[in-house]
Structure formats: structure tokens, C-alpha cells
Amino acid sequence: MSQYTGVAVSPGRVVGTVRTMAPPVAEPPVGEKLPDGTDPQAESSRIAVAAEVVQKALTHRAENTEGDGKAVLEATAQMAADPSLTQTAQGFVLAGNASAERAVWEAGDQVASMLEGLGGYMAERAADVKDVRGRIVAELRGEQAPGIPDLDEPFVLTATDLAPADTATLDPSVVIALVTSDGGPQSHTAILARQLGLPAIVAAKGIHDLAGGTEVFVDAGFGTITDDVTDEHRRFAEAWSELQRNPLTYEGGGVELTDGTRMQLLANIGGAKDAKAAAEAHADGVGLFRTEFLFLDREDEPSVEEQTAAYLEAFESFPGKKVVVRTIDAGADKPLPFLTDSEEPNPALGVRAYRTSWEKRSVLTNQLDAIAAAAKASEAKAWVMAPMISTTEDTEDFVALCRERDLAPAGIMVETPSAAVTADRQLAACDFASIGTNDLTQYTMAADRMLGTLAHLNNPWQPAVLSLVKATCEGARTAGGDPDGFGESANKPVGVCGEAAGDPGLAVVLVGLGVNSLSMTPRSLPAVAKVLSTVSLDQAKQLAAAAVSAPTADKARDAVRAGLPILGEIGL
């Protein structure tokens, strides 16, 4: 019997046969030269032709894909068409007599290294470059590009990691679970798996010891894989399968706990299309409107008019309901050429988000002008919050800018430990707080959330992180103010909009710690609502206390799951 443990990123329980991702394209030998008599010009031309074939193949796949997968494939196709890769490779052929395959490999290394040196979001694109490099080399060799096994029967896919172009085209009816040895909870693979509702585990070391064809039980709620499949495992898997055949639903209006306490269940969105989908999923409003979509991948700041139109379009899906708008969260993994410094040695701890307004004030004030104009023209109830707040001076400054524009309520993101432990003073200076558990975990544990090797630290079940959530809610109670209409525990509203809110077991803990709204991907709404409807506020408090006092993240999660049998009953 063998058991492997990784980081759970998307829940589900399945029994299936292991199939392994095809190996990556082999590196051409170092120093590989053109065969004697080969025309270097003709050899360099082969590179452009191969790149065009790859670009067209990816574009074709994008045309037959929807949603986030389509966007990922389109971005990868654009990278295949980027002349910086092909022209660099052609230069290696013409200047050094390298073979086309070796030239493409070295050019890919050069471009990827440059992106990795930029850090943050650009560093993530390095994996895309290497993916495209491998596809071009495969085309030059006449080989099939590596990818997901093309099989008709369902299987559990194991891989080192998946390129975005592969993850984007996963078919959940065939790939019933995904297990990778690398990657982290915020990788492309993890994010897209959650959006697909595909059971997934990342950072599962040793998983490649499992031979293809091995039957395994994958518990993607616990993050475990075993080849010792029992009758109980099969019952768990059948319960999950039944949940897929007859999915849970959420009708909106807040979820009612067994004692009558009500909680808002909100949605995270990135634009008007997401807002429409969230409204169709009956979300009670929007707890996180990420506005970066307007700013990324462009050289210049969008105009106030362009921003106003985009915000208004999203607001229109939620007339009379709360839409919490987060001002631009640039920097770290989302650098912008007109706003952030790409040379920062440690951008995650640098001038990002609200801090960019210290030197470049107009980007923030223009955005607030646009939000105010959209709010005035809409029936939605616009709330505005600033990310990456550390001091009460930050909070007071941001709230003053909002007050000047009649934007209220005005609040902050609690993502730094400093904001959490001074929440009483922070919330005395603003109207509400929203806890971003992704960054709060990263900063609390001093662990880059993009690194798979630190994935076990970047776990929102960490007792230290939960203690800071508790401190934030306690600060809200002492800060005073009026309740938001849901929940009894926070005098000033405190929500959670990080990935943790969409974990049904963790949602119970968050409610028990004192939050009064949860915001998540719309797909998570029904399961969170179902689990919350089975507990009282007192039970949630008891489970929260057990989690906070646990010695480890795993023991915190295990203690809560033991107290929530409903999770097993519905296959989570």
C-alpha cells in the first residue's frame, strides 16, 4: 500500500485509474550544429514556419474552448507568435550555425530567464514560454507535442505540472481528478481546476512512483492519494458522483444557519461577464470586484471614461445589491509598466496596490472618479476598498479620498498581519474590512504563495492565519458602527474574499470566528450554503475554537471535518 499527500486545491473524491502526462520534449543536445551542407537561412526559416503551425494549433483550440480556458489558450497562442522568441532563435542559427531545434531551446531559455528576473506576474509567464518552446521543437522534429493522454475512458491524470494551454482544455468528463507533483495553490493549474470543479491536488511529492494503470482513491478534500482502494473509498466516490449528477443549488437571499443566523454569500468577479454569471448563480452580491482586468497587459493607464463604462456594465447585474470594488492591486505578481517598478528586489513586499498611490496619485484618484461616476449612474450599492493596507495612516488617507467623491462605504483589505492586529484602530477609521486570505497567509507564514515548495505553508488552515482572522473580527466588535444586516458578530462588517471562503469546512470556521459575509467563485456557493445550513452559530464557534487552538494546519482541518459529517455525506 502506498499513500501520497499533497495540497488540496479543489475538493472531490474519486476512484480511478492513473494515467500519466506525456513526458516533456527532450532537450536537443548542447552544441547541436547544422548537418554539413545545410543552408543556415533555410534552417532559420523552418523556425518561423514551425512557430506559425503551433500558433495556429493553439488558436484553433482556443476557438473551441470557452471561459478562462479560452483566454489562456489565446495568450499562449500570442506567445507562439511573439517575434522575440523566433527572431532570437533565428539569430542563433545564422550567427552560430546551431540547429533549429537547439536554437529554439536556447532562445526559450533566454526569454524565460528574462521574465523570471522580472518577478511576479511576468515570472509566471516563463512557464508559458517553455511550453511554447517545447511545442515548436516537437513540430520541428515531427513529433507530437506533449499533452494530456487522448483516451475515451475516465482516468486520474498525474503530471509534474500542467502548462496553462493543457489545463485550459481539460475535459472533466474524462479527466476525473488531477494530481501534480509540483505547483502551488495559486498556480494556473490550481485556479483553473477550481473553476472547472475538478478534484485536484498539487505538490504531491512521489506521485510519479505510481505506475500507469494503477487504481487509486483520490481525496482532494484532504489532499491524499492511495492505491489501497477500500469499499469505504468506493462509497465516498459514489457520493461525490451523485453530487455531480444532482448538483446542489443556491437560491440566494443569504444562507440561514440552524439557529436563524443569516450569512451573505457573495461572488468574486473580474468584470462584467463574471458579474452576469454570478448573478445567474444567485450570489447575494459581489464581495470582490477585481479591477485589474482593465489595467493588465497594456502600456498606458485606461481613461476615466473607459473605466466608468466597464464598472457600470458590471454593476448592472446587481441592482440594489452590494458590489465591493477593490481598487487596483498592481505590483508583485501583477506589474504594470506605467505604475510599478519592475526592478524591485522583492516585489511582494514592495510598492504594490494602495502603496503605488504614494508617488503616482493620479492613477488611484482617476480610478475613484470612475467608480464614483459608475456608482452614481447605477442602482447597485457600490462599496470601495483598498488592498495592501498596513497602517491607520493608509486607511485614513484612502477613506478621505473616498469621502471627497461621496463614495461610501469605504473600507480596506486585511492582507497584512499589521492590519489584522490593529483592526480596532483600522476599523475605527473606515466602514468595513474584507480579509484576503491568500495574501494574509503568504505574509503571515513568510512563504511566497507562487512557490510549490512552500505550498504546505501557504495553507489558510494554518492556526496562525486563523488567529489573525479572529483578531480582525474582535477589532471590528470594539470599533463600533452599525451591522450590515447579516450576522451578529461584527459591529462593523468583516467579510472574507480569499480562496478560503469557498472551502465549505473553512467557511464554517470563518463564520465561527466572526465574519459576516463570504465571497467566492460562484461554483462554490451551493456547497458552502449547504454545509452552513447544517450548523448553528454556536457550533461554528466551537469548531472555530478547535481550529485556532490546533497545533498544525492538518490537525485544524481534521478537527473541523470530524465535526462536520455533512462533508462526507455530500462527497467533499
# chains A, B, ... in the order shown; residues from 1 in each chain; ligands from 1
call {"tool": "select_by_dssp", "arguments": {"residues": "range 350-489 of chain A", "states": "strand (DSSP E or B)", "output": "PyMOL selection string"}}
result
chain A and resi 381-386+410-414+432-435
call {"tool": "write_last_selection", "arguments": {"atoms": "N, CA and C atoms", "output": "mmCIF file, in the first residue's frame"}}
result
data_model
loop_
_atom_site.group_PDB
_atom_site.id
_atom_site.type_symbol
_atom_site.label_atom_id
_atom_site.label_comp_id
_atom_site.auth_asym_id
_atom_site.auth_seq_id
_atom_site.Cartn_x
_atom_site.Cartn_y
_atom_site.Cartn_z
ATOM 1 N N LYS A 381 -25.258 48.961 -5.118
ATOM 2 C CA LYS A 381 -24.710 49.641 -3.939
ATOM 3 C C LYS A 381 -23.200 49.436 -3.946
ATOM 4 N N ALA A 382 -22.480 50.436 -4.436
ATOM 5 C CA ALA A 382 -21.029 50.308 -4.584
ATOM 6 C C ALA A 382 -20.318 50.555 -3.265
ATOM 7 N N TRP A 383 -19.527 49.574 -2.847
ATOM 8 C CA TRP A 383 -18.612 49.708 -1.730
ATOM 9 C C TRP A 383 -17.203 49.718 -2.332
ATOM 10 N N VAL A 384 -16.291 50.439 -1.733
ATOM 11 C CA VAL A 384 -14.944 50.550 -2.286
ATOM 12 C C VAL A 384 -13.924 50.205 -1.215
ATOM 13 N N MET A 385 -12.904 49.437 -1.594
ATOM 14 C CA MET A 385 -11.868 49.096 -0.608
ATOM 15 C C MET A 385 -10.489 49.135 -1.263
ATOM 16 N N ALA A 386 -9.501 49.417 -0.435
ATOM 17 C CA ALA A 386 -8.109 49.491 -0.884
ATOM 18 C C ALA A 386 -7.357 48.248 -0.444
ATOM 19 N N ALA A 410 -16.571 52.995 2.570
ATOM 20 C CA ALA A 410 -15.174 52.900 2.163
ATOM 21 C C ALA A 410 -14.443 52.014 3.164
ATOM 22 N N GLY A 411 -13.741 51.017 2.660
ATOM 23 C CA GLY A 411 -13.095 50.069 3.568
ATOM 24 C C GLY A 411 -11.716 49.672 3.116
ATOM 25 N N ILE A 412 -11.202 48.622 3.740
ATOM 26 C CA ILE A 412 -9.833 48.171 3.463
ATOM 27 C C ILE A 412 -9.784 46.654 3.337
ATOM 28 N N MET A 413 -8.758 46.191 2.660
ATOM 29 C CA MET A 413 -8.418 44.771 2.653
ATOM 30 C C MET A 413 -7.491 44.493 3.831
ATOM 31 N N VAL A 414 -7.775 43.443 4.555
ATOM 32 C CA VAL A 414 -6.868 42.990 5.615
ATOM 33 C C VAL A 414 -6.063 41.839 5.023
ATOM 34 N N PHE A 432 -15.670 49.270 6.764
ATOM 35 C CA PHE A 432 -15.726 47.811 6.724
ATOM 36 C C PHE A 432 -14.346 47.271 6.376
ATOM 37 N N ALA A 433 -14.202 45.971 6.525
ATOM 38 C CA ALA A 433 -12.949 45.297 6.142
ATOM 39 C C ALA A 433 -13.284 44.004 5.408
ATOM 40 N N SER A 434 -12.412 43.637 4.503
ATOM 41 C CA SER A 434 -12.528 42.363 3.809
ATOM 42 C C SER A 434 -11.176 41.666 3.900
ATOM 43 N N ILE A 435 -11.186 40.429 4.378
ATOM 44 C CA ILE A 435 -9.940 39.701 4.603
ATOM 45 C C ILE A 435 -9.565 38.933 3.338
#
call {"tool": "residues_around", "arguments": {"residues": "range 7-24 of chain A", "least_positions_apart": "6", "cutoff": "7 Å", "atoms": "only C-alpha atoms", "output": "PyMOL selection string"}}
result
chain A and resi 146-149+155-159+185+190+193-194+197-204+212-223+234+236-237+240+455-456+571-572
call {"tool": "write_last_selection", "arguments": {"atoms": "C-alpha atoms", "output": "compact mmCIF listing (two decimals), in the first residue's frame"}}
result
# COMPACT_ATOMS: atom_id res chain seq x y z
CA PRO A 146 3.33 16.61 -25.13
CA GLY A 147 -0.07 16.82 -23.60
CA ILE A 148 -2.96 15.12 -21.87
CA PRO A 149 -3.47 11.45 -22.89
CA PHE A 155 -8.87 8.49 -15.65
CA VAL A 156 -6.90 10.25 -12.91
CA LEU A 157 -4.21 12.41 -14.52
CA THR A 158 -0.82 12.64 -12.82
CA ALA A 159 1.76 15.15 -14.02
CA PRO A 185 -2.38 26.57 -4.55
CA ALA A 190 -4.99 25.10 -9.26
CA ALA A 193 -9.14 23.22 -11.62
CA ARG A 194 -11.27 25.10 -9.08
CA GLY A 197 -14.90 21.91 -10.30
CA LEU A 198 -12.26 19.25 -10.95
CA PRO A 199 -10.89 17.40 -7.88
CA ALA A 200 -7.23 18.43 -7.74
CA ILE A 201 -4.16 18.08 -5.55
CA VAL A 202 -0.83 19.83 -6.14
CA ALA A 203 2.66 19.43 -4.65
CA ALA A 204 2.13 15.68 -4.13
CA GLY A 212 0.11 3.96 -15.20
CA GLY A 213 -2.96 1.76 -14.89
CA THR A 214 -2.88 1.70 -11.07
CA GLU A 215 -6.28 2.12 -9.45
CA VAL A 216 -6.27 4.85 -6.80
CA PHE A 217 -8.59 6.71 -4.46
CA VAL A 218 -8.14 10.47 -4.60
CA ASP A 219 -9.49 12.53 -1.70
CA ALA A 220 -8.97 16.08 -2.91
CA GLY A 221 -10.58 17.48 0.23
CA PHE A 222 -7.84 16.00 2.41
CA GLY A 223 -5.12 16.12 -0.25
CA ARG A 234 -15.85 3.49 -3.26
CA PHE A 236 -17.16 8.09 -0.81
CA ALA A 237 -16.55 8.26 -4.55
CA TRP A 240 -19.27 12.56 -4.92
CA ALA A 455 2.60 25.09 -0.59
CA HIS A 456 2.31 23.31 2.78
CA GLY A 571 -18.66 13.82 -1.18
CA LEU A 572 -16.48 16.71 -0.01
call {"tool": "residues_around", "arguments": {"residues": "range 467-480 of chain A", "least_positions_apart": "4", "cutoff": "10 Å", "atoms": "only C-alpha atoms", "output": "PyMOL selection string"}}
result
chain A and resi 414-437+440-441+444+462-463+488-496+509-510+512-516+544-545+547-549
call {"tool": "write_last_selection", "arguments": {"atoms": "C-alpha atoms", "output": "PDB file, in the first residue's frame"}}
result
ATOM      1  CA  VAL A 414      -6.868  42.990   5.615  1.00  0.00           C
ATOM      2  CA  GLU A 415      -3.954  41.161   3.986  1.00  0.00           C
ATOM      3  CA  THR A 416      -1.055  42.095   6.241  1.00  0.00           C
ATOM      4  CA  PRO A 417      -0.594  40.923   9.820  1.00  0.00           C
ATOM      5  CA  SER A 418      -0.213  44.570  10.863  1.00  0.00           C
ATOM      6  CA  ALA A 419      -3.726  45.388   9.614  1.00  0.00           C
ATOM      7  CA  ALA A 420      -5.156  42.363  11.427  1.00  0.00           C
ATOM      8  CA  VAL A 421      -3.609  43.053  14.824  1.00  0.00           C
ATOM      9  CA  THR A 422      -4.597  46.747  14.689  1.00  0.00           C
ATOM     10  CA  ALA A 423      -8.073  46.061  13.296  1.00  0.00           C
ATOM     11  CA  ASP A 424      -9.766  48.012  16.090  1.00  0.00           C
ATOM     12  CA  ARG A 425      -7.963  51.190  15.035  1.00  0.00           C
ATOM     13  CA  GLN A 426      -8.227  50.402  11.327  1.00  0.00           C
ATOM     14  CA  LEU A 427     -11.977  49.895  11.501  1.00  0.00           C
ATOM     15  CA  ALA A 428     -12.436  52.996  13.644  1.00  0.00           C
ATOM     16  CA  ALA A 429     -11.098  54.871  10.607  1.00  0.00           C
ATOM     17  CA  CYS A 430     -13.164  53.115   7.905  1.00  0.00           C
ATOM     18  CA  ASP A 431     -16.541  51.480   7.319  1.00  0.00           C
ATOM     19  CA  PHE A 432     -15.726  47.811   6.724  1.00  0.00           C
ATOM     20  CA  ALA A 433     -12.949  45.297   6.142  1.00  0.00           C
ATOM     21  CA  SER A 434     -12.528  42.363   3.809  1.00  0.00           C
ATOM     22  CA  ILE A 435      -9.940  39.701   4.603  1.00  0.00           C
ATOM     23  CA  GLY A 436      -7.851  38.498   1.671  1.00  0.00           C
ATOM     24  CA  THR A 437      -6.796  35.089   2.948  1.00  0.00           C
ATOM     25  CA  LEU A 440      -2.730  37.164   4.582  1.00  0.00           C
ATOM     26  CA  THR A 441      -1.491  33.564   4.569  1.00  0.00           C
ATOM     27  CA  THR A 444       1.818  35.520   7.965  1.00  0.00           C
ATOM     28  CA  GLN A 462      -2.747  27.452   9.443  1.00  0.00           C
ATOM     29  CA  PRO A 463      -3.725  28.270  13.065  1.00  0.00           C
ATOM     30  CA  GLU A 488     -24.447  39.293  14.825  1.00  0.00           C
ATOM     31  CA  SER A 489     -20.759  39.154  15.494  1.00  0.00           C
ATOM     32  CA  ALA A 490     -19.283  42.231  13.857  1.00  0.00           C
ATOM     33  CA  ASN A 491     -20.354  45.770  14.613  1.00  0.00           C
ATOM     34  CA  LYS A 492     -18.512  46.855  11.522  1.00  0.00           C
ATOM     35  CA  PRO A 493     -18.820  44.414   8.632  1.00  0.00           C
ATOM     36  CA  VAL A 494     -15.947  41.989   8.102  1.00  0.00           C
ATOM     37  CA  GLY A 495     -16.015  39.728   5.075  1.00  0.00           C
ATOM     38  CA  VAL A 496     -13.636  37.178   3.596  1.00  0.00           C
ATOM     39  CA  VAL A 509     -14.718  28.246  10.811  1.00  0.00           C
ATOM     40  CA  LEU A 510     -14.717  31.759   9.369  1.00  0.00           C
ATOM     41  CA  GLY A 512     -17.422  31.000  13.899  1.00  0.00           C
ATOM     42  CA  LEU A 513     -14.536  33.461  14.090  1.00  0.00           C
ATOM     43  CA  GLY A 514     -16.897  36.361  13.474  1.00  0.00           C
ATOM     44  CA  VAL A 515     -17.057  37.206   9.769  1.00  0.00           C
ATOM     45  CA  ASN A 516     -20.473  38.154   8.439  1.00  0.00           C
ATOM     46  CA  ALA A 544     -13.520  27.649  15.038  1.00  0.00           C
ATOM     47  CA  ALA A 545     -12.061  27.454  18.538  1.00  0.00           C
ATOM     48  CA  ALA A 547      -9.179  25.043  14.618  1.00  0.00           C
ATOM     49  CA  VAL A 548      -7.453  28.069  16.150  1.00  0.00           C
ATOM     50  CA  SER A 549      -6.095  26.015  19.055  1.00  0.00           C
TER      51      SER A 549
END
call {"tool": "atom_distance", "arguments": {"atom1": "CA of Ala71 in chain A", "atom2": "CA of Leu115 in chain A"}}
result
20.1 Å
call {"tool": "atom_distance", "arguments": {"atom1": "CA of Ala380 in chain A", "atom2": "CA of Ser317 in chain A"}}
result
8.2 Å
call {"tool": "closest_residue", "arguments": {"among": "A:Arg235, A:Arg133, A:Arg290, A:Arg361", "to": "Arg326 in chain A", "atoms": "only C-alpha atoms"}}
result
A:Arg290
call {"tool": "select_by_dssp", "arguments": {"residues": "range 392-446 of chain A", "states": "helix (DSSP H, G or I)", "output": "ChimeraX atom specification"}}
result
/A:392-404,417-421,423-428,437-445
call {"tool": "residues_around", "arguments": {"residues": "Ser357 in chain A", "least_positions_apart": "6", "cutoff": "10 Å", "atoms": "only C-alpha atoms", "output": "list of chain:residue names"}}
result
A:Leu339, A:Val351, A:Val363, A:Leu364, A:Thr365, A:Phe398
call {"tool": "write_last_selection", "arguments": {"atoms": "N, CA and C atoms", "output": "short mmCIF file (atom, residue, chain, number, x, y, z; two decimals), in the first residue's frame"}}
result
data_model
loop_
_atom_site.label_atom_id
_atom_site.label_comp_id
_atom_site.auth_asym_id
_atom_site.auth_seq_id
_atom_site.Cartn_x
_atom_site.Cartn_y
_atom_site.Cartn_z
N LEU A 339 3.06 52.03 -13.77
CA LEU A 339 2.76 52.24 -12.36
C LEU A 339 3.77 51.63 -11.40
N VAL A 351 6.37 48.17 -3.37
CA VAL A 351 5.36 49.21 -3.63
C VAL A 351 4.29 48.61 -4.53
N VAL A 363 -3.33 57.78 -10.64
CA VAL A 363 -3.90 56.50 -11.06
C VAL A 363 -5.02 56.08 -10.11
N LEU A 364 -4.80 56.25 -8.81
CA LEU A 364 -5.83 55.92 -7.83
C LEU A 364 -6.98 56.91 -7.88
N THR A 365 -6.69 58.20 -7.92
CA THR A 365 -7.78 59.19 -7.91
C THR A 365 -8.62 59.10 -9.19
N PHE A 398 -6.99 56.81 2.42
CA PHE A 398 -7.88 56.24 1.41
C PHE A 398 -9.32 56.64 1.67
#
call {"tool": "residues_around", "arguments": {"residues": "Val535 in chain A", "least_positions_apart": "2", "cutoff": "12 Å", "atoms": "only C-alpha atoms", "output": "PyMOL selection string"}}
result
chain A and resi 255-262+504-505+507-509+511-512+528-533+537-543+563-566
call {"tool": "write_last_selection", "arguments": {"atoms": "N, CA and C atoms", "output": "mmCIF file, in the first residue's frame"}}
result
data_model
loop_
_atom_site.group_PDB
_atom_site.id
_atom_site.type_symbol
_atom_site.label_atom_id
_atom_site.label_comp_id
_atom_site.auth_asym_id
_atom_site.auth_seq_id
_atom_site.Cartn_x
_atom_site.Cartn_y
_atom_site.Cartn_z
ATOM 1 N N VAL A 255 -27.711 32.566 3.403
ATOM 2 C CA VAL A 255 -27.926 31.225 3.928
ATOM 3 C C VAL A 255 -28.299 31.342 5.401
ATOM 4 N N GLU A 256 -29.250 30.518 5.824
ATOM 5 C CA GLU A 256 -29.724 30.555 7.208
ATOM 6 C C GLU A 256 -29.132 29.396 7.987
ATOM 7 N N LEU A 257 -28.444 29.704 9.084
ATOM 8 C CA LEU A 257 -27.929 28.682 9.969
ATOM 9 C C LEU A 257 -29.093 28.086 10.754
ATOM 10 N N THR A 258 -28.863 26.984 11.468
ATOM 11 C CA THR A 258 -29.965 26.294 12.142
ATOM 12 C C THR A 258 -30.602 27.126 13.238
ATOM 13 N N ASP A 259 -29.893 28.143 13.744
ATOM 14 C CA ASP A 259 -30.473 28.996 14.795
ATOM 15 C C ASP A 259 -31.066 30.274 14.230
ATOM 16 N N GLY A 260 -31.157 30.371 12.905
ATOM 17 C CA GLY A 260 -31.750 31.547 12.288
ATOM 18 C C GLY A 260 -30.770 32.625 11.872
ATOM 19 N N THR A 261 -29.520 32.519 12.276
ATOM 20 C CA THR A 261 -28.494 33.471 11.844
ATOM 21 C C THR A 261 -28.350 33.399 10.325
ATOM 22 N N ARG A 262 -28.257 34.549 9.685
ATOM 23 C CA ARG A 262 -28.118 34.577 8.231
ATOM 24 C C ARG A 262 -26.756 35.123 7.836
ATOM 25 N N PRO A 504 -16.035 24.754 2.005
ATOM 26 C CA PRO A 504 -17.189 24.659 2.907
ATOM 27 C C PRO A 504 -16.822 24.458 4.374
ATOM 28 N N GLY A 505 -15.816 23.605 4.659
ATOM 29 C CA GLY A 505 -15.423 23.408 6.047
ATOM 30 C C GLY A 505 -14.802 24.641 6.644
ATOM 31 N N ALA A 507 -15.334 27.646 5.630
ATOM 32 C CA ALA A 507 -16.371 28.677 5.711
ATOM 33 C C ALA A 507 -17.051 28.644 7.086
ATOM 34 N N VAL A 508 -17.292 27.443 7.600
ATOM 35 C CA VAL A 508 -17.892 27.315 8.937
ATOM 36 C C VAL A 508 -16.974 27.930 9.987
ATOM 37 N N VAL A 509 -15.680 27.672 9.871
ATOM 38 C CA VAL A 509 -14.718 28.246 10.811
ATOM 39 C C VAL A 509 -14.728 29.767 10.741
ATOM 40 N N VAL A 511 -17.095 31.767 9.805
ATOM 41 C CA VAL A 511 -18.321 32.275 10.442
ATOM 42 C C VAL A 511 -18.178 32.231 11.959
ATOM 43 N N GLY A 512 -17.616 31.126 12.459
ATOM 44 C CA GLY A 512 -17.422 31.000 13.899
ATOM 45 C C GLY A 512 -16.443 32.012 14.459
ATOM 46 N N VAL A 528 -21.093 25.614 -0.070
ATOM 47 C CA VAL A 528 -20.909 26.408 1.144
ATOM 48 C C VAL A 528 -22.253 26.634 1.834
ATOM 49 N N ALA A 529 -23.267 26.966 1.053
ATOM 50 C CA ALA A 529 -24.599 27.192 1.624
ATOM 51 C C ALA A 529 -25.132 25.927 2.292
ATOM 52 N N LYS A 530 -24.945 24.777 1.640
ATOM 53 C CA LYS A 530 -25.447 23.515 2.194
ATOM 54 C C LYS A 530 -24.805 23.211 3.540
ATOM 55 N N VAL A 531 -23.492 23.335 3.614
ATOM 56 C CA VAL A 531 -22.792 22.996 4.857
ATOM 57 C C VAL A 531 -23.138 23.982 5.960
ATOM 58 N N LEU A 532 -23.172 25.264 5.645
ATOM 59 C CA LEU A 532 -23.516 26.251 6.669
ATOM 60 C C LEU A 532 -24.931 26.047 7.203
ATOM 61 N N SER A 533 -25.832 25.578 6.359
ATOM 62 C CA SER A 533 -27.232 25.403 6.789
ATOM 63 C C SER A 533 -27.402 24.275 7.790
ATOM 64 N N LEU A 537 -24.734 28.964 14.945
ATOM 65 C CA LEU A 537 -23.601 29.852 15.162
ATOM 66 C C LEU A 537 -22.741 29.345 16.322
ATOM 67 N N ASP A 538 -23.379 28.816 17.371
ATOM 68 C CA ASP A 538 -22.597 28.276 18.493
ATOM 69 C C ASP A 538 -21.726 27.100 18.055
ATOM 70 N N GLN A 539 -22.270 26.229 17.204
ATOM 71 C CA GLN A 539 -21.464 25.107 16.705
ATOM 72 C C GLN A 539 -20.292 25.609 15.863
ATOM 73 N N ALA A 540 -20.549 26.620 15.058
ATOM 74 C CA ALA A 540 -19.476 27.197 14.240
ATOM 75 C C ALA A 540 -18.385 27.778 15.129
ATOM 76 N N LYS A 541 -18.800 28.418 16.220
ATOM 77 C CA LYS A 541 -17.819 28.985 17.151
ATOM 78 C C LYS A 541 -16.979 27.893 17.794
ATOM 79 N N GLN A 542 -17.616 26.779 18.151
ATOM 80 C CA GLN A 542 -16.883 25.677 18.770
ATOM 81 C C GLN A 542 -15.863 25.074 17.799
ATOM 82 N N LEU A 543 -16.275 24.893 16.560
ATOM 83 C CA LEU A 543 -15.350 24.357 15.562
ATOM 84 C C LEU A 543 -14.223 25.344 15.268
ATOM 85 N N GLY A 563 -16.093 17.200 12.881
ATOM 86 C CA GLY A 563 -17.314 17.784 13.426
ATOM 87 C C GLY A 563 -18.345 18.148 12.388
ATOM 88 N N LEU A 564 -18.026 17.877 11.108
ATOM 89 C CA LEU A 564 -18.959 18.208 10.022
ATOM 90 C C LEU A 564 -19.188 16.969 9.145
ATOM 91 N N PRO A 565 -19.939 15.999 9.627
ATOM 92 C CA PRO A 565 -20.180 14.779 8.831
ATOM 93 C C PRO A 565 -20.838 15.060 7.491
ATOM 94 N N ILE A 566 -21.501 16.196 7.376
ATOM 95 C CA ILE A 566 -22.157 16.553 6.115
ATOM 96 C C ILE A 566 -21.154 16.585 4.968
#
